[in-house]
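Shown below: protein35.txt, with compact mmCIF, C-alpha atoms.
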```txt
# COMPACT_ATOMS: atom_id res chain seq x y z
CA MET C 1 -90.72 2.42 -2.38
CA ALA C 2 -87.14 3.33 -1.83
CA SER C 3 -87.53 7.09 -1.62
CA SER C 4 -84.38 9.15 -1.36
CA SER C 5 -84.95 9.73 2.36
CA THR C 6 -85.26 5.97 2.94
CA LYS C 7 -82.02 5.37 1.06
CA SER C 8 -80.18 8.04 2.99
CA ALA C 9 -81.55 6.65 6.29
CA TYR C 10 -80.19 3.23 5.30
CA TRP C 11 -76.73 4.57 4.55
CA LYS C 12 -76.74 6.71 7.69
CA GLY C 13 -77.42 3.52 9.68
CA PHE C 14 -74.70 1.69 7.79
CA ARG C 15 -72.14 4.41 8.50
CA ASP C 16 -73.17 4.64 12.18
CA GLY C 17 -72.87 0.87 12.50
CA LEU C 18 -69.42 0.55 10.90
CA PRO C 19 -67.32 1.47 13.99
CA PHE C 20 -69.00 -1.36 15.89
CA THR C 21 -67.58 -3.97 13.58
CA ILE C 22 -64.32 -3.53 15.50
CA VAL C 23 -66.15 -4.97 18.50
CA VAL C 24 -68.34 -7.55 16.84
CA GLY C 25 -65.45 -9.01 14.83
CA PRO C 26 -63.20 -10.02 17.75
CA PHE C 27 -66.19 -11.16 19.82
CA ALA C 28 -67.42 -13.45 17.02
CA LEU C 29 -63.88 -14.65 16.38
CA LEU C 30 -63.61 -15.63 20.02
CA PHE C 31 -66.89 -17.52 19.86
CA GLY C 32 -65.66 -19.45 16.82
CA VAL C 33 -62.44 -20.35 18.59
CA ILE C 34 -64.07 -21.39 21.86
CA ALA C 35 -66.83 -23.36 20.16
CA THR C 36 -64.37 -25.43 18.13
CA GLU C 37 -62.24 -25.93 21.24
CA ALA C 38 -65.39 -27.26 22.97
CA GLY C 39 -65.66 -29.85 20.20
CA LEU C 40 -68.18 -28.28 17.82
CA ASN C 41 -67.47 -28.65 14.11
CA VAL C 42 -67.52 -25.66 11.76
CA TYR C 43 -71.07 -26.41 10.62
CA GLU C 44 -72.41 -26.60 14.20
CA THR C 45 -70.53 -23.45 15.20
CA MET C 46 -71.97 -21.51 12.27
CA ALA C 47 -75.49 -22.79 12.94
CA PHE C 48 -75.13 -21.58 16.52
CA SER C 49 -74.16 -18.04 15.48
CA ILE C 50 -76.72 -17.81 12.67
CA VAL C 51 -79.71 -19.29 14.52
CA VAL C 52 -79.13 -17.59 17.87
CA ILE C 53 -77.24 -14.37 16.87
CA ALA C 54 -76.63 -13.26 20.47
CA GLY C 55 -73.06 -13.23 21.72
CA ALA C 56 -73.43 -13.29 25.48
CA ALA C 57 -76.16 -15.95 25.42
CA GLN C 58 -74.09 -18.13 23.08
CA PHE C 59 -71.08 -17.98 25.38
CA THR C 60 -73.28 -18.81 28.36
CA ALA C 61 -74.84 -21.82 26.64
CA LEU C 62 -71.50 -23.12 25.44
CA GLN C 63 -69.93 -22.77 28.87
CA LEU C 64 -72.77 -24.64 30.58
CA MET C 65 -72.83 -27.40 27.96
CA SER C 66 -69.08 -27.90 28.43
CA GLU C 67 -69.80 -28.37 32.14
CA ASN C 68 -72.48 -30.95 31.25
CA ALA C 69 -75.27 -28.91 32.83
CA PRO C 70 -78.80 -30.28 32.22
CA THR C 71 -80.23 -29.07 28.89
CA ILE C 72 -83.11 -27.24 30.53
CA ILE C 73 -80.66 -25.28 32.72
CA VAL C 74 -78.58 -24.41 29.65
CA LEU C 75 -81.65 -23.07 27.86
CA ALA C 76 -83.06 -21.21 30.86
CA SER C 77 -79.73 -19.55 31.69
CA ALA C 78 -78.95 -18.47 28.16
CA LEU C 79 -82.47 -17.13 27.67
CA ALA C 80 -82.20 -15.23 30.96
CA VAL C 81 -79.08 -13.56 29.56
CA ASN C 82 -81.21 -12.58 26.57
CA LEU C 83 -84.20 -11.27 28.56
CA ARG C 84 -83.09 -7.71 27.85
CA MET C 85 -84.11 -8.34 24.22
CA ALA C 86 -87.76 -8.30 25.34
CA MET C 87 -87.15 -4.87 26.85
CA TYR C 88 -85.58 -3.71 23.58
CA SER C 89 -88.59 -5.06 21.71
CA ALA C 90 -90.98 -3.12 23.94
CA SER C 91 -88.89 0.01 23.56
CA LEU C 92 -88.86 -0.23 19.74
CA THR C 93 -92.60 -0.89 19.46
CA PRO C 94 -93.78 2.77 19.52
CA TYR C 95 -91.35 3.51 16.66
CA ILE C 96 -91.65 0.53 14.31
CA GLY C 97 -94.87 -1.15 15.48
CA ALA C 98 -96.75 0.17 12.43
CA ALA C 99 -94.44 -1.63 9.96
CA PRO C 100 -95.67 -4.78 8.15
CA LEU C 101 -95.47 -7.94 10.25
CA TRP C 102 -92.79 -9.62 8.14
CA LYS C 103 -90.54 -6.58 8.40
CA ARG C 104 -91.02 -6.53 12.15
CA ALA C 105 -90.12 -10.22 12.23
CA PHE C 106 -86.87 -9.56 10.34
CA ALA C 107 -86.11 -6.64 12.64
CA ALA C 108 -86.75 -8.90 15.64
CA TYR C 109 -84.25 -11.50 14.42
CA PHE C 110 -81.64 -8.77 13.97
CA THR C 111 -82.31 -7.03 17.31
CA VAL C 112 -78.92 -7.04 19.02
CA ASP C 113 -77.44 -4.59 21.52
CA GLN C 114 -75.81 -2.45 18.82
CA SER C 115 -78.72 -2.28 16.38
CA TYR C 116 -81.09 -1.46 19.23
CA ALA C 117 -78.89 1.15 20.90
CA LEU C 118 -77.99 3.06 17.72
CA SER C 119 -81.55 2.98 16.37
CA ILE C 120 -83.27 4.14 19.55
CA VAL C 121 -80.94 7.16 19.75
CA GLN C 122 -81.66 7.98 16.12
CA TYR C 123 -85.45 7.66 16.60
CA GLU C 124 -85.43 9.84 19.71
CA THR C 125 -83.32 12.62 18.20
CA ARG C 126 -85.23 12.57 14.86
CA PRO C 127 -88.90 12.09 15.80
CA GLU C 128 -89.98 13.27 12.32
CA MET C 129 -88.62 10.07 10.72
CA THR C 130 -91.22 7.94 8.91
CA VAL C 131 -91.65 4.27 9.77
CA PRO C 132 -89.96 3.09 6.52
CA ASP C 133 -87.04 5.44 7.22
CA ARG C 134 -86.72 4.07 10.75
CA LEU C 135 -86.60 0.51 9.46
CA ALA C 136 -84.13 1.52 6.76
CA TYR C 137 -81.85 3.00 9.41
CA PHE C 138 -82.17 -0.15 11.53
CA PHE C 139 -81.30 -2.43 8.62
CA GLY C 140 -78.43 -0.15 7.67
CA VAL C 141 -76.89 -0.71 11.10
CA VAL C 142 -77.62 -4.43 10.77
CA THR C 143 -75.88 -4.59 7.38
CA ALA C 144 -72.72 -3.16 8.91
CA ILE C 145 -72.75 -5.46 11.94
CA CYS C 146 -74.47 -8.80 11.48
CA PRO C 147 -72.65 -10.21 8.42
CA ASN C 148 -69.45 -9.66 10.39
CA TRP C 149 -70.89 -11.71 13.22
CA TYR C 150 -71.25 -14.68 10.85
CA LEU C 151 -68.01 -14.06 8.97
CA PHE C 152 -65.80 -13.75 12.06
CA THR C 153 -67.43 -16.75 13.73
CA LEU C 154 -66.40 -18.68 10.61
CA ILE C 155 -62.86 -17.31 10.66
CA GLY C 156 -62.54 -18.17 14.35
CA ALA C 157 -63.85 -21.68 13.76
CA LEU C 158 -61.52 -22.27 10.80
CA VAL C 159 -58.38 -20.60 12.10
CA GLY C 160 -58.84 -21.46 15.78
CA GLN C 161 -56.55 -18.65 16.86
CA SER C 162 -57.78 -16.03 19.25
CA ILE C 163 -56.52 -12.48 19.58
CA PRO C 164 -53.61 -12.25 22.07
CA PRO C 165 -54.63 -10.97 25.55
CA GLU C 166 -52.29 -7.94 25.43
CA PHE C 167 -54.67 -6.33 22.93
CA ALA C 168 -57.18 -6.10 25.82
CA ILE C 169 -59.96 -6.79 23.34
CA ASP C 170 -62.18 -7.90 26.26
CA PHE C 171 -62.72 -4.23 26.94
CA ALA C 172 -63.85 -3.33 23.43
CA VAL C 173 -67.44 -4.23 24.32
CA PRO C 174 -67.70 -2.02 27.45
CA ILE C 175 -66.01 0.90 25.65
CA THR C 176 -68.36 0.88 22.69
CA PHE C 177 -71.41 0.65 24.95
CA LEU C 178 -70.15 3.47 27.17
CA ALA C 179 -69.56 5.58 24.06
CA MET C 180 -73.22 5.04 23.13
CA ILE C 181 -74.50 5.69 26.67
CA GLY C 182 -72.78 9.11 27.00
CA PRO C 183 -74.90 10.86 24.36
CA MET C 184 -78.07 9.20 25.72
CA LEU C 185 -77.81 11.07 29.02
CA ARG C 186 -79.83 14.05 27.81
CA THR C 187 -82.00 14.89 30.84
CA PRO C 188 -81.79 14.49 34.64
CA ALA C 189 -84.25 11.60 34.28
CA HIS C 190 -81.91 9.75 31.89
CA ILE C 191 -78.92 10.37 34.17
CA ALA C 192 -80.83 9.15 37.24
CA ALA C 193 -81.97 6.02 35.38
CA ALA C 194 -78.39 5.23 34.36
CA PHE C 195 -77.04 5.75 37.88
CA VAL C 196 -79.66 3.49 39.43
CA SER C 197 -79.01 0.89 36.74
CA VAL C 198 -75.28 0.83 37.53
CA ALA C 199 -75.84 0.75 41.29
CA LEU C 200 -78.38 -2.08 41.09
CA SER C 201 -76.38 -4.14 38.62
CA ILE C 202 -73.31 -3.93 40.91
CA ALA C 203 -75.38 -4.65 44.02
CA PHE C 204 -77.15 -7.60 42.38
CA ALA C 205 -74.16 -8.95 40.45
CA TRP C 206 -74.26 -12.04 42.69
CA VAL C 207 -77.72 -13.08 41.41
CA PRO C 208 -77.35 -16.11 39.11
CA TYR C 209 -78.30 -16.27 35.41
CA ASN C 210 -77.64 -12.57 34.86
CA LEU C 211 -80.99 -11.76 36.47
CA GLY C 212 -79.34 -8.89 38.36
CA LEU C 213 -79.42 -7.04 35.04
CA MET C 214 -83.20 -7.41 34.96
CA VAL C 215 -83.40 -5.85 38.44
CA ALA C 216 -81.14 -3.04 37.23
CA GLY C 217 -83.18 -2.54 34.05
CA ILE C 218 -86.54 -2.42 35.79
CA GLY C 219 -85.16 -0.22 38.58
CA GLY C 220 -83.61 2.17 36.06
CA MET C 221 -86.82 2.43 34.04
CA ILE C 222 -88.93 3.16 37.12
CA THR C 223 -86.40 5.78 38.23
CA GLY C 224 -86.39 7.49 34.83
CA ALA C 225 -90.19 7.57 34.68
CA GLN C 226 -90.53 8.90 38.22
CA VAL C 227 -87.91 11.63 37.75
CA GLU C 228 -89.62 12.65 34.50
CA LEU C 229 -92.99 12.93 36.29
CA TRP C 230 -91.43 14.88 39.13
CA THR C 231 -89.68 17.27 36.72
CA GLU C 232 -92.91 17.84 34.81
CA ARG C 233 -94.89 18.54 37.97
CA ARG C 234 -92.28 21.01 39.13
CA ALA C 235 -92.28 22.78 35.77
CA ALA C 236 -96.09 22.97 35.84
CA LYS C 237 -96.14 24.81 39.14
CA MET V 1 -67.42 -33.44 24.79
CA ILE V 2 -70.83 -31.97 24.05
CA ASP V 3 -73.45 -34.48 22.94
CA SER V 4 -74.71 -33.70 19.44
CA THR V 5 -78.42 -34.10 20.28
CA THR V 6 -78.10 -31.79 23.28
CA LEU V 7 -76.25 -29.26 21.15
CA TRP V 8 -78.99 -29.14 18.51
CA ILE V 9 -81.74 -28.93 21.12
CA VAL V 10 -79.91 -25.95 22.63
CA ILE V 11 -79.23 -24.25 19.28
CA ILE V 12 -82.83 -24.57 18.12
CA GLY V 13 -84.40 -23.90 21.53
CA LEU V 14 -82.20 -20.87 22.12
CA GLY V 15 -82.82 -19.60 18.60
CA LEU V 16 -86.60 -19.84 18.95
CA GLY V 17 -86.56 -18.48 22.49
CA SER V 18 -84.37 -15.52 21.58
CA PHE V 19 -86.53 -14.72 18.58
CA GLY V 20 -89.60 -14.91 20.82
CA LEU V 21 -88.08 -12.41 23.26
CA ARG V 22 -87.11 -10.08 20.42
CA PHE V 23 -90.53 -10.29 18.76
CA VAL V 24 -92.81 -10.36 21.80
CA PHE V 25 -93.72 -6.66 21.80
CA THR V 26 -93.07 -5.48 18.23
CA GLY V 27 -94.97 -8.52 16.99
CA ILE V 28 -97.97 -8.65 19.30
CA ILE V 29 -98.61 -5.00 20.09
CA GLY V 30 -97.67 -3.61 16.70
CA ASP V 31 -99.21 -0.18 16.21
CA ARG V 32 -101.85 -0.48 18.95
CA ASP V 33 -101.62 2.44 21.36
CA MET V 34 -99.90 1.86 24.66
CA PRO V 35 -100.90 3.72 27.82
CA PRO V 36 -98.78 6.82 28.61
CA TRP V 37 -97.34 5.34 31.82
CA ILE V 38 -95.90 2.38 29.90
CA LEU V 39 -94.42 4.67 27.24
CA ARG V 40 -92.92 6.79 29.99
CA HIS V 41 -91.07 3.73 31.32
CA LEU V 42 -90.04 2.54 27.86
CA ARG V 43 -88.34 5.86 27.14
CA TYR V 44 -85.71 4.86 29.70
CA THR V 45 -85.10 1.29 28.51
CA ALA V 46 -81.77 2.02 26.85
CA VAL V 47 -80.31 4.05 29.71
CA ALA V 48 -81.62 1.51 32.23
CA VAL V 49 -80.24 -1.61 30.56
CA LEU V 50 -76.97 -0.67 28.83
CA PRO V 51 -75.21 0.91 31.86
CA GLY V 52 -76.17 -2.12 33.97
CA LEU V 53 -74.86 -4.39 31.25
CA VAL V 54 -71.37 -2.88 31.26
CA ALA V 55 -70.99 -1.91 34.94
CA PRO V 56 -69.85 -5.36 36.19
CA ALA V 57 -67.41 -5.67 33.26
CA VAL V 58 -65.90 -2.30 34.24
CA MET V 59 -65.75 -3.12 37.96
CA TRP V 60 -64.54 -6.68 37.67
CA PRO V 61 -63.01 -7.32 34.22
CA ALA V 62 -62.85 -10.99 33.26
CA ALA V 63 -59.43 -10.45 31.67
CA THR V 64 -57.85 -9.56 35.03
CA GLY V 65 -59.58 -12.46 36.78
CA GLY V 66 -62.18 -10.11 38.22
CA GLU V 67 -59.70 -7.75 39.84
CA THR V 68 -60.52 -4.05 39.48
CA ASP V 69 -58.08 -2.57 36.98
CA PRO V 70 -57.15 1.15 36.99
CA ALA V 71 -56.48 1.25 33.23
CA ARG V 72 -59.89 -0.22 32.34
CA MET V 73 -61.66 1.90 34.95
CA ALA V 74 -60.05 5.12 33.65
CA ALA V 75 -60.80 4.16 30.04
CA ALA V 76 -64.45 3.65 31.01
CA PHE V 77 -64.74 7.09 32.57
CA VAL V 78 -62.94 8.83 29.69
CA THR V 79 -65.23 7.13 27.16
CA LEU V 80 -68.38 8.00 29.08
CA GLY V 81 -67.23 11.60 29.67
CA LEU V 82 -66.32 12.16 26.02
CA GLY V 83 -69.64 10.70 24.96
CA TYR V 84 -71.56 12.89 27.35
CA PHE V 85 -69.82 16.14 26.48
CA THR V 86 -69.11 15.73 22.76
CA LYS V 87 -72.02 13.43 21.78
CA ASN V 88 -69.54 11.92 19.33
CA VAL V 89 -69.50 8.12 19.55
CA ILE V 90 -66.43 7.53 17.40
CA LEU V 91 -64.39 10.17 19.22
CA SER V 92 -65.41 8.57 22.53
CA ILE V 93 -64.37 5.09 21.43
CA THR V 94 -61.04 6.41 20.15
CA GLY V 95 -60.40 8.37 23.35
CA GLY V 96 -61.33 5.40 25.52
CA ALA V 97 -59.12 3.02 23.55
CA ALA V 98 -56.21 5.48 23.68
CA THR V 99 -56.62 5.80 27.46
CA LEU V 100 -56.77 2.03 27.86
CA TYR V 101 -53.68 1.26 25.77
CA GLY V 102 -51.77 4.23 27.14
CA LEU V 103 -52.36 3.25 30.73
CA LEU V 104 -51.80 -0.47 30.11
CA TYR V 105 -48.44 0.49 28.58
CA LEU V 106 -47.51 2.91 31.39
CA LEU V 107 -48.71 0.73 34.24
CA GLY V 108 -47.72 -2.44 32.33
```

Would you mind writing the file out in structure tokens?
Amino acid sequence: MASSSTKSAYWKGFRDGLPFTIVVGPFALLFGVIATEAGLNVYETMAFSIVVIAGAAQFTALQLMSENAPTIIVLASALAVNLRMAMYSASLTPYIGAAPLWKRAFAAYFTVDQSYALSIVQYETRPEMTVPDRLAYFFGVVTAICPNWYLFTLIGALVGQSIPPEFAIDFAVPITFLAMIGPMLRTPAHIAAAFVSVALSIAFAWVPYNLGLMVAGIGGMITGAQVELWTERRAAK
Amino acid sequence: MIDSTTLWIVIIGLGLGSFGLRFVFTGIIGDRDMPPWILRHLRYTAVAVLPGLVAPAVMWPAATGGETDPARMAAAFVTLGLGYFTKNVILSITGGAATLYGLLYLLG
């Protein structure tokens, strides 16, 4: 039932996702290059990107395998890097939980930082969206981003040439995330949550396996919820 | 050299594990109602995770060997500020990138 609103939600997602290909492309390219340098063939490199589809976790796993870390440590560390995906899943549940199971399964596979971040902003600003429209938007973003993840991994694996450091492409990822965070800071509660998140992630940056981010995430969520409660109570008086 | 068996165990294990993390709530809870206090926390997931994700990369960029870099720091603040005030993601990215390249060129 591709109603016109579902179609337009899909294309809105696609258009919103397009700018992020400038980030995903170089990042995937780099993974392709590093994986082949670590001795993986093109087929193994592609399987990695298609099966796992999570940049930071893939880099972590590759790094640890190159250092001959025990397999269980490789898995545990890379999954720890991906723990935030469980938080994304929880956060998306009130919006897409009513969709059919197989659609939720597809959405789960394609839940990456960009598809999550763009979708959650869209859902919050347009609460009147129907569940099919929400999924259409999500998959629109995915269409713009995920094929490029595969394609640029392949190019990196085949060409084996990374982007020169003077392009400072390392900073493309922080810039795109910061650009998404700015508009999210709508209330004092959101701002407080973001501040606490930054402070905790800096303070706990020394914690291994990226678990400092979990501390920051949980701390930020508690802060946001508490400030919201406090604001409501004050308004009620 | 990475052993082929190890590699495949990691690819498949990490694939299944990552899918599990991504599916754990949307899959199991589905459209069952969640208590208000949980929803109240979930509303802040994005602003609690994404800033923490980028903060170390802004403070200690890998490209400079972890040394705090004025160009990257300024670009981060310009991007965030533009995003906050204009709510325009593309404008923020463009402004941040311009700041970064401009300062890298000037401070070169």

Distance criterion (all atoms listed in the file): nearest to V:Thr99 out of C:Ser115, C:Val51, C:Phe171, C:Ile202: C:Phe171

Selection: 12 Å around C:Pro70, all atoms listed in the file, excl. self and same-chain fewer than 4 positions, as a list in words: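 Counting only the stated atoms, we get Ala61, Leu64, Met65, Ser66, Val74, Leu75, Ala76 and Ser77 of chain C; Ile2, Asp3, Thr6, Leu7, Ile9 and Val10 of chain V.
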
Nearest to C:Gly156 by atom-to-atom distance, counting all atoms listed in the file, from C:Asn68, C:Ser3, C:Phe27, C:Trp11: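 Selected residue with least distance to C:Gly156: C:Phe27.
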
d(atom CA of C:Tyr209, atom CA of C:Arg84) in Å: 12.4 Å

Compile a residue-level contact table for chain V against chain C at a cut-off of 6 Å, reporting for every qualifying residue the shortest atom pair and its distance in Å to one decimal, with all atoms listed in the file counted, rows ordered by chain and ascending number, as a Markdown table.
```
| residue | atom | partner | partner_atom | distance |
| --- | --- | --- | --- | --- |
| V:Ile11 | CA | C:Phe48 | CA | 5.6 |
| V:Gly15 | CA | C:Val52 | CA | 4.3 |
| V:Phe19 | CA | C:Tyr109 | CA | 5.7 |
| V:Leu21 | CA | C:Ala86 | CA | 4.6 |
| V:Arg22 | CA | C:Ala108 | CA | 4.9 |
| V:Phe23 | CA | C:Ala108 | CA | 5.1 |
| V:Phe25 | CA | C:Ala90 | CA | 5.0 |
| V:Thr26 | CA | C:Thr93 | CA | 4.8 |
| V:Gly30 | CA | C:Gly97 | CA | 3.9 |
| V:Asp31 | CA | C:Gly97 | CA | 4.5 |
| V:Arg40 | CA | C:Ala225 | CA | 5.5 |
| V:His41 | CA | C:Ala225 | CA | 5.2 |
| V:Leu42 | CA | C:Ser91 | CA | 5.1 |
| V:Tyr44 | CA | C:Met221 | CA | 5.1 |
| V:Thr45 | CA | C:Met221 | CA | 5.9 |
| V:Val47 | CA | C:Ala194 | CA | 5.2 |
| V:Ala48 | CA | C:Gly220 | CA | 4.4 |
| V:Val49 | CA | C:Gly217 | CA | 4.7 |
| V:Pro51 | CA | C:Val198 | CA | 5.7 |
| V:Gly52 | CA | C:Val198 | CA | 4.7 |
| V:Val54 | CA | C:Pro174 | CA | 5.4 |
| V:Ala55 | CA | C:Val198 | CA | 5.7 |
| V:Thr79 | CA | C:Ala179 | CA | 5.5 |
| V:Leu80 | CA | C:Gly182 | CA | 5.0 |
| V:Gly83 | CA | C:Gly182 | CA | 4.1 |
| V:Tyr84 | CA | C:Gly182 | CA | 4.0 |
| V:Lys87 | CA | C:Pro183 | CA | 4.6 |
| V:Val89 | CA | C:Ala179 | CA | 5.2 |
| V:Ser92 | CA | C:Ala179 | CA | 5.3 |
| V:Ile93 | CA | C:Ala179 | CA | 5.8 |
```

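Taking atom CA of C:Ala236 and atom CA of C:Thr125 as the two end points, the separation is 24.1 Å.
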
Distance query 9 Å from (-67.8, -9.1, 14.5) using all atoms listed in the file, result as a list in words: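 Output: Phe20, Thr21, Ile22, Val23, Val24, Gly25, Pro26, Phe27, Ala28, Leu29, Ile145, Cys146, Pro147, Asn148, Trp149, Tyr150, Leu151, Phe152 and Thr153 of chain C.
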
All residues 9 Å or closer to V:Leu100, all atoms listed in the file, same chain fewer than 2 positions away omitted, as a PyMOL selection string: (chain C and resi 168+171) or (chain V and resi 71-76+95-98+102-105)

Separation of atom CA of C:Thr36 from atom CA of C:Phe59, in Å and rounded to one decimal: 12.4 Å
